Amino acid sequence: MSNINLKPHEVGVYAIGGLGEIGKNTYGIEYQNEIIIVDAGIKFPEDDLLGIDYVIPDYSYIVENLNRVKALVITHGHEDHIGGIPFLLKQANVPIYAGPLALALIKGKLEEHGLLRDATLHEINHNTELTFKNLSVTFFRTTHSIPEPLGIVIHTPQGKVVCTGDFKFDFTPVGEPADLHRMAALGESGVLCLLSDSTNAEVPTFTNSEKVVGQSIMKIIEGIDGRIIFASFASNIFRLQQAAEAAVKTGRKIVVFGRSMEKAIINGVELGYIKVPKGTIIDPSEMKNYHASEILIMCTGSQGESMAALARIANGMHRQVTLQPGDTVIFSSSPIPGNTTSVNKLINTIQEAGVEVIHGKINNIHTSGHGGQQEQKLMLRLMKPKFFMPVHGEYRMQKIHAGLAIDIGIPKENIFIMENGDVLALTKDSARMAGKFNAQDVYVDGNRIGEIGAAVLRDRKDLSDDGVVLAVATVDFSSKMILAGPDILSRGFIYMRESGDLIRESQRVLFNAIRIALKNKEASVQTVSGAAVNALRPFLYEKTEREPIIIPMILTPDE
């Protein structure tokens, strides 16, 4: 439920997702009868969200106000900024504005979900201007680990609200440089409120340039004799271009594995970001025509994902390629929080096969796409906002980012560390909290969206920790007799063949509990089931100090 009290002359600024977390970036700026949404991302589940594929925001606020939504504008094509679009469009068909690469990635997603035909898509660039009745939107070029990142400016009657998107200040980028002049001009003409990326607020220095990574990749690839398997984020097209350049210079052909990597290479080549001579990229079936020293394999799986190409190659499950002595695997990435265990496990598997592994920041073959504290301060200095709202980060990151803003002279009372659903009401010289709407996490499990709640996840957690016990008995309620059983079946709790004593004692406990429950005049399947669980649960805990989920199955003769 929403409880918002915005006055007609105030500008509302809020996050539907992206605050207190890394991922599901979805921000809203509204004035009277117009709303601009910035990004619609997903979050990947933490380890405790068993069986969940993605986490998306609750889109209720957008659905309820659909007639006011003028545009969904996209900063760049990473999953945490565009991954939620298919789920949003199923509920609210909003017009989408994105740069060429982001648009190509969005089209691919919408096609998979059968939504492309009905979607309203517009291609934009850093010079585009969108004009509505009260609001207008302009853009500026930033630098990030994917081509075409855009900062977004929403011009309102009360002043400019700027969303940086993900950014770093890379003065020697692989792609187009950031438009520092436009950023400075925005600051000079006055910014009402800045929403800025907090991801690397804990990193005190500047983030390494992508050019440094390119030089390291070249040096490493030049020094390797055997076959190279290069694993990276498919979306980091600049990194793929640098690996491709190194392959060309060292006389290697490129083979691509992994669906998202194949799409990335196709999009990169079509949009001119990946430039290699004709014939450099070969079909996997042609690999046998070349010596190992003439091959560079590009693949997905740098995060240890079990079904990605690299894991399938390492586990011998890939149809077209297996690890061989003399191979070198390069991880041109660092583990996303939560993925460290699976990445280490994959590295162990690769090294056990006698294959060399070169990975991460140790060898300067990865750098973040997000700016550290110095870059965050530079953005604040350039924009000189009256009000500041740190976004895209967990609470501690937002807090540090707020501290940096105080350091450069923004008054503490003008800085707002908010939660998803909080609404900030702005005028050219005032800011106040103006209520809250529902912005809970929504879980996507296969084709089920929002059906899996806390209770189901708790059950899954209990099942994974302690397993399940089935207590089965056939009873006759008219004669008050136990006709068969009770029997115990266990999955993930005890190994039944080696637990005969415990099973026999459990059956005895169950037998007594059911017999007593049957004596009651009001005895029913429900009361007998309850008695069985209430007797068995403390007994099993006392014997094993574990609490499996207990499922009673009380049958009657006619079943």
# chains A, B, ... in the order shown; residues from 1 in each chain; ligands from 1
call {"tool": "select_by_dssp", "arguments": {"residues": "range 125-328 of chain A", "states": "strand (DSSP E)", "output": "number ranges by chain"}}
result
A: 129-131, 136-141, 150-156, 159-163, 191-197, 228-231, 253-257, 295-299, 328
call {"tool": "residues_around", "arguments": {"residues": "range 78-86 of chain A", "least_positions_apart": "6", "cutoff": "7 Å", "atoms": "only C-alpha atoms", "output": "PyMOL selection string"}}
result
chain A and resi 23-25+39-43+56+106+109-110+113+235
call {"tool": "write_last_selection", "arguments": {"atoms": "C-alpha atoms", "output": "PDB file, in the first residue's frame"}}
result
ATOM      1  CA  GLY A  23      21.107  -4.926  -7.969  1.00  0.00           C
ATOM      2  CA  LYS A  24      17.507  -4.399  -9.149  1.00  0.00           C
ATOM      3  CA  ASN A  25      18.156  -0.718  -9.845  1.00  0.00           C
ATOM      4  CA  ASP A  39      16.349   1.405 -15.258  1.00  0.00           C
ATOM      5  CA  ALA A  40      14.612  -1.867 -14.361  1.00  0.00           C
ATOM      6  CA  GLY A  41      17.164  -4.343 -13.040  1.00  0.00           C
ATOM      7  CA  ILE A  42      17.233  -7.716 -11.316  1.00  0.00           C
ATOM      8  CA  LYS A  43      19.254  -8.943  -8.360  1.00  0.00           C
ATOM      9  CA  ILE A  56      12.910  -8.303  -8.826  1.00  0.00           C
ATOM     10  CA  ILE A 106      16.676  -5.838 -24.293  1.00  0.00           C
ATOM     11  CA  LYS A 109      15.283 -10.714 -23.613  1.00  0.00           C
ATOM     12  CA  LEU A 110      11.854  -9.666 -24.825  1.00  0.00           C
ATOM     13  CA  HIS A 113       9.686 -13.968 -23.205  1.00  0.00           C
ATOM     14  CA  SER A 235      28.636  -7.968 -21.264  1.00  0.00           C
TER      15      SER A 235
END
call {"tool": "residues_around", "arguments": {"residues": "range 501-504 of chain A", "least_positions_apart": "4", "cutoff": "12 Å", "atoms": "only C-alpha atoms", "output": "list of chain:residue names"}}
result
A:Val469, A:Leu470, A:Ala471, A:Gly485, A:Pro486, A:Asp487, A:Ile488, A:Leu489, A:Ser490, A:Phe493, A:Ile494, A:Tyr495, A:Met496, A:Arg497, A:Arg508, A:Val509, A:Leu510, A:Phe511, A:Leu536, A:Phe539, A:Leu540, A:Tyr541, A:Glu542, A:Lys543, A:Thr544
call {"tool": "write_last_selection", "arguments": {"atoms": "N, CA and C atoms", "output": "mmCIF file, in the first residue's frame"}}
result
data_model
loop_
_atom_site.group_PDB
_atom_site.id
_atom_site.type_symbol
_atom_site.label_atom_id
_atom_site.label_comp_id
_atom_site.auth_asym_id
_atom_site.auth_seq_id
_atom_site.Cartn_x
_atom_site.Cartn_y
_atom_site.Cartn_z
ATOM 1 N N VAL A 469 10.794 -36.113 7.101
ATOM 2 C CA VAL A 469 10.361 -37.425 7.590
ATOM 3 C C VAL A 469 8.878 -37.572 7.277
ATOM 4 N N LEU A 470 8.515 -38.682 6.634
ATOM 5 C CA LEU A 470 7.098 -38.999 6.389
ATOM 6 C C LEU A 470 6.648 -40.015 7.429
ATOM 7 N N ALA A 471 5.551 -39.703 8.099
ATOM 8 C CA ALA A 471 4.967 -40.644 9.072
ATOM 9 C C ALA A 471 3.657 -41.150 8.485
ATOM 10 N N GLY A 485 0.846 -49.844 9.810
ATOM 11 C CA GLY A 485 1.838 -48.856 10.226
ATOM 12 C C GLY A 485 1.851 -48.696 11.739
ATOM 13 N N PRO A 486 2.329 -47.614 12.245
ATOM 14 C CA PRO A 486 2.886 -46.506 11.454
ATOM 15 C C PRO A 486 4.265 -46.839 10.888
ATOM 16 N N ASP A 487 4.529 -46.286 9.693
ATOM 17 C CA ASP A 487 5.835 -46.454 9.042
ATOM 18 C C ASP A 487 6.535 -45.103 8.955
ATOM 19 N N ILE A 488 7.852 -45.157 8.957
ATOM 20 C CA ILE A 488 8.674 -43.937 8.868
ATOM 21 C C ILE A 488 9.465 -43.988 7.568
ATOM 22 N N LEU A 489 9.420 -42.895 6.810
ATOM 23 C CA LEU A 489 10.263 -42.752 5.613
ATOM 24 C C LEU A 489 11.077 -41.476 5.782
ATOM 25 N N SER A 490 12.360 -41.546 5.469
ATOM 26 C CA SER A 490 13.226 -40.373 5.660
ATOM 27 C C SER A 490 13.949 -40.024 4.372
ATOM 28 N N PHE A 493 17.429 -36.886 6.138
ATOM 29 C CA PHE A 493 17.463 -36.756 7.602
ATOM 30 C C PHE A 493 18.369 -37.831 8.201
ATOM 31 N N ILE A 494 18.032 -39.087 7.997
ATOM 32 C CA ILE A 494 18.882 -40.191 8.464
ATOM 33 C C ILE A 494 19.009 -41.208 7.336
ATOM 34 N N TYR A 495 20.095 -41.989 7.382
ATOM 35 C CA TYR A 495 20.242 -43.094 6.438
ATOM 36 C C TYR A 495 19.524 -44.280 7.053
ATOM 37 N N MET A 496 18.384 -44.671 6.441
ATOM 38 C CA MET A 496 17.459 -45.603 7.099
ATOM 39 C C MET A 496 18.073 -46.973 7.364
ATOM 40 N N ARG A 497 18.928 -47.431 6.457
ATOM 41 C CA ARG A 497 19.500 -48.778 6.632
ATOM 42 C C ARG A 497 20.355 -48.885 7.887
ATOM 43 N N ARG A 508 7.224 -46.618 17.653
ATOM 44 C CA ARG A 508 6.556 -46.846 18.944
ATOM 45 C C ARG A 508 5.930 -45.539 19.458
ATOM 46 N N VAL A 509 6.695 -44.419 19.353
ATOM 47 C CA VAL A 509 6.196 -43.103 19.781
ATOM 48 C C VAL A 509 4.947 -42.731 18.976
ATOM 49 N N LEU A 510 5.016 -42.962 17.680
ATOM 50 C CA LEU A 510 3.891 -42.643 16.788
ATOM 51 C C LEU A 510 2.667 -43.491 17.126
ATOM 52 N N PHE A 511 2.908 -44.793 17.328
ATOM 53 C CA PHE A 511 1.811 -45.730 17.620
ATOM 54 C C PHE A 511 1.036 -45.258 18.849
ATOM 55 N N LEU A 536 6.267 -36.755 17.556
ATOM 56 C CA LEU A 536 7.493 -37.154 16.861
ATOM 57 C C LEU A 536 8.560 -36.050 16.891
ATOM 58 N N PHE A 539 10.667 -35.920 20.102
ATOM 59 C CA PHE A 539 11.393 -37.182 20.224
ATOM 60 C C PHE A 539 12.620 -37.179 19.299
ATOM 61 N N LEU A 540 12.418 -36.799 18.028
ATOM 62 C CA LEU A 540 13.529 -36.796 17.065
ATOM 63 C C LEU A 540 14.586 -35.763 17.457
ATOM 64 N N TYR A 541 14.126 -34.612 17.973
ATOM 65 C CA TYR A 541 15.091 -33.581 18.377
ATOM 66 C C TYR A 541 15.950 -34.076 19.549
ATOM 67 N N GLU A 542 15.305 -34.739 20.481
ATOM 68 C CA GLU A 542 16.026 -35.256 21.651
ATOM 69 C C GLU A 542 17.080 -36.282 21.220
ATOM 70 N N LYS A 543 16.730 -37.129 20.226
ATOM 71 C CA LYS A 543 17.638 -38.193 19.807
ATOM 72 C C LYS A 543 18.746 -37.695 18.864
ATOM 73 N N THR A 544 18.419 -36.674 18.038
ATOM 74 C CA THR A 544 19.369 -36.302 16.969
ATOM 75 C C THR A 544 19.811 -34.836 17.016
#
call {"tool": "residues_around", "arguments": {"residues": "Ala402 in chain A", "least_positions_apart": "4", "cutoff": "9 Å", "atoms": "only C-alpha atoms", "output": "CSV table (one decimal) with C-alpha atoms, in the first residue's frame"}}
result
chain,number,residue,atom,x,y,z
A,388,PHE,CA,22.2,14.2,-2.5
A,389,MET,CA,20.9,10.7,-2.5
A,390,PRO,CA,23.5,7.9,-2.6
A,397,MET,CA,28.2,1.9,1.0
A,398,GLN,CA,25.4,4.5,1.0
A,406,ILE,CA,29.8,15.9,3.7
A,407,ASP,CA,33.6,16.1,3.2
A,412,LYS,CA,24.4,16.9,6.3
A,415,ILE,CA,21.8,14.2,2.2
A,416,PHE,CA,19.2,11.4,2.2
A,417,ILE,CA,20.1,7.8,2.9
call {"tool": "residues_around", "arguments": {"residues": "Arg432 in chain A", "least_positions_apart": "4", "cutoff": "10 Å", "atoms": "only C-alpha atoms", "output": "ChimeraX atom specification"}}
result
/A:6,10,12,413-414,416,423-427
call {"tool": "write_last_selection", "arguments": {"atoms": "C-alpha atoms", "output": "mmCIF file, in the first residue's frame"}}
result
data_model
loop_
_atom_site.group_PDB
_atom_site.id
_atom_site.type_symbol
_atom_site.label_atom_id
_atom_site.label_comp_id
_atom_site.auth_asym_id
_atom_site.auth_seq_id
_atom_site.Cartn_x
_atom_site.Cartn_y
_atom_site.Cartn_z
ATOM 1 C CA LEU A 6 3.359 14.844 -2.467
ATOM 2 C CA GLU A 10 6.852 19.122 -5.440
ATOM 3 C CA GLY A 12 9.007 13.112 -6.044
ATOM 4 C CA GLU A 413 20.660 17.824 6.353
ATOM 5 C CA ASN A 414 20.676 17.873 2.508
ATOM 6 C CA PHE A 416 19.212 11.437 2.250
ATOM 7 C CA VAL A 423 9.646 9.149 -1.296
ATOM 8 C CA LEU A 424 11.703 12.353 -1.208
ATOM 9 C CA ALA A 425 9.715 15.530 -1.999
ATOM 10 C CA LEU A 426 11.795 18.355 -3.507
ATOM 11 C CA THR A 427 11.338 21.989 -4.428
#
call {"tool": "residues_around", "arguments": {"residues": "Asp179 in chain A", "least_positions_apart": "4", "cutoff": "7 Å", "atoms": "only C-alpha atoms", "output": "number ranges by chain"}}
result
A: 140-142, 183
call {"tool": "residues_around", "arguments": {"residues": "range 210-217 of chain A", "least_positions_apart": "3", "cutoff": "8 Å", "atoms": "only C-alpha atoms", "output": "mmCIF file with N, CA and C atoms, in the first residue's frame"}}
result
data_model
loop_
_atom_site.group_PDB
_atom_site.id
_atom_site.type_symbol
_atom_site.label_atom_id
_atom_site.label_comp_id
_atom_site.auth_asym_id
_atom_site.auth_seq_id
_atom_site.Cartn_x
_atom_site.Cartn_y
_atom_site.Cartn_z
ATOM 1 N N ASP A 170 37.497 6.952 -16.120
ATOM 2 C CA ASP A 170 38.619 6.284 -16.790
ATOM 3 C C ASP A 170 39.130 7.251 -17.849
ATOM 4 N N THR A 172 41.703 6.898 -19.736
ATOM 5 C CA THR A 172 42.199 6.201 -20.941
ATOM 6 C C THR A 172 41.282 5.013 -21.219
ATOM 7 N N PRO A 173 40.020 5.280 -21.526
ATOM 8 C CA PRO A 173 39.079 4.161 -21.712
ATOM 9 C C PRO A 173 39.309 3.461 -23.045
ATOM 10 N N VAL A 174 38.738 2.277 -23.176
ATOM 11 C CA VAL A 174 38.811 1.561 -24.453
ATOM 12 C C VAL A 174 37.775 2.142 -25.410
ATOM 13 N N ILE A 220 50.253 -11.243 -20.946
ATOM 14 C CA ILE A 220 50.007 -12.630 -20.516
ATOM 15 C C ILE A 220 49.809 -13.538 -21.728
ATOM 16 N N ILE A 221 48.992 -13.098 -22.686
ATOM 17 C CA ILE A 221 48.699 -13.935 -23.860
ATOM 18 C C ILE A 221 49.955 -14.151 -24.702
ATOM 19 N N ARG A 239 36.497 -5.658 -22.764
ATOM 20 C CA ARG A 239 37.437 -6.705 -22.353
ATOM 21 C C ARG A 239 37.558 -7.745 -23.468
ATOM 22 N N GLN A 242 39.700 -6.413 -26.203
ATOM 23 C CA GLN A 242 41.131 -6.417 -25.883
ATOM 24 C C GLN A 242 41.716 -7.828 -25.991
ATOM 25 N N ALA A 243 40.935 -8.824 -25.569
ATOM 26 C CA ALA A 243 41.392 -10.212 -25.712
ATOM 27 C C ALA A 243 41.471 -10.584 -27.193
ATOM 28 N N ALA A 246 44.577 -9.112 -28.726
ATOM 29 C CA ALA A 246 45.749 -9.896 -28.328
ATOM 30 C C ALA A 246 45.807 -11.199 -29.120
ATOM 31 N N ASN A 363 46.792 -10.382 -11.307
ATOM 32 C CA ASN A 363 47.583 -10.149 -12.510
ATOM 33 C C ASN A 363 47.127 -8.919 -13.287
ATOM 34 N N ASN A 364 46.347 -8.031 -12.640
ATOM 35 C CA ASN A 364 45.837 -6.827 -13.312
ATOM 36 C C ASN A 364 45.043 -7.154 -14.572
ATOM 37 N N ILE A 365 44.323 -8.299 -14.556
ATOM 38 C CA ILE A 365 43.531 -8.619 -15.744
ATOM 39 C C ILE A 365 42.046 -8.440 -15.470
ATOM 40 N N HIS A 366 41.745 -7.702 -14.400
ATOM 41 C CA HIS A 366 40.359 -7.288 -14.188
ATOM 42 C C HIS A 366 40.368 -5.951 -13.466
ATOM 43 N N THR A 367 39.411 -5.123 -13.794
ATOM 44 C CA THR A 367 39.207 -3.896 -13.034
ATOM 45 C C THR A 367 37.711 -3.663 -12.920
#
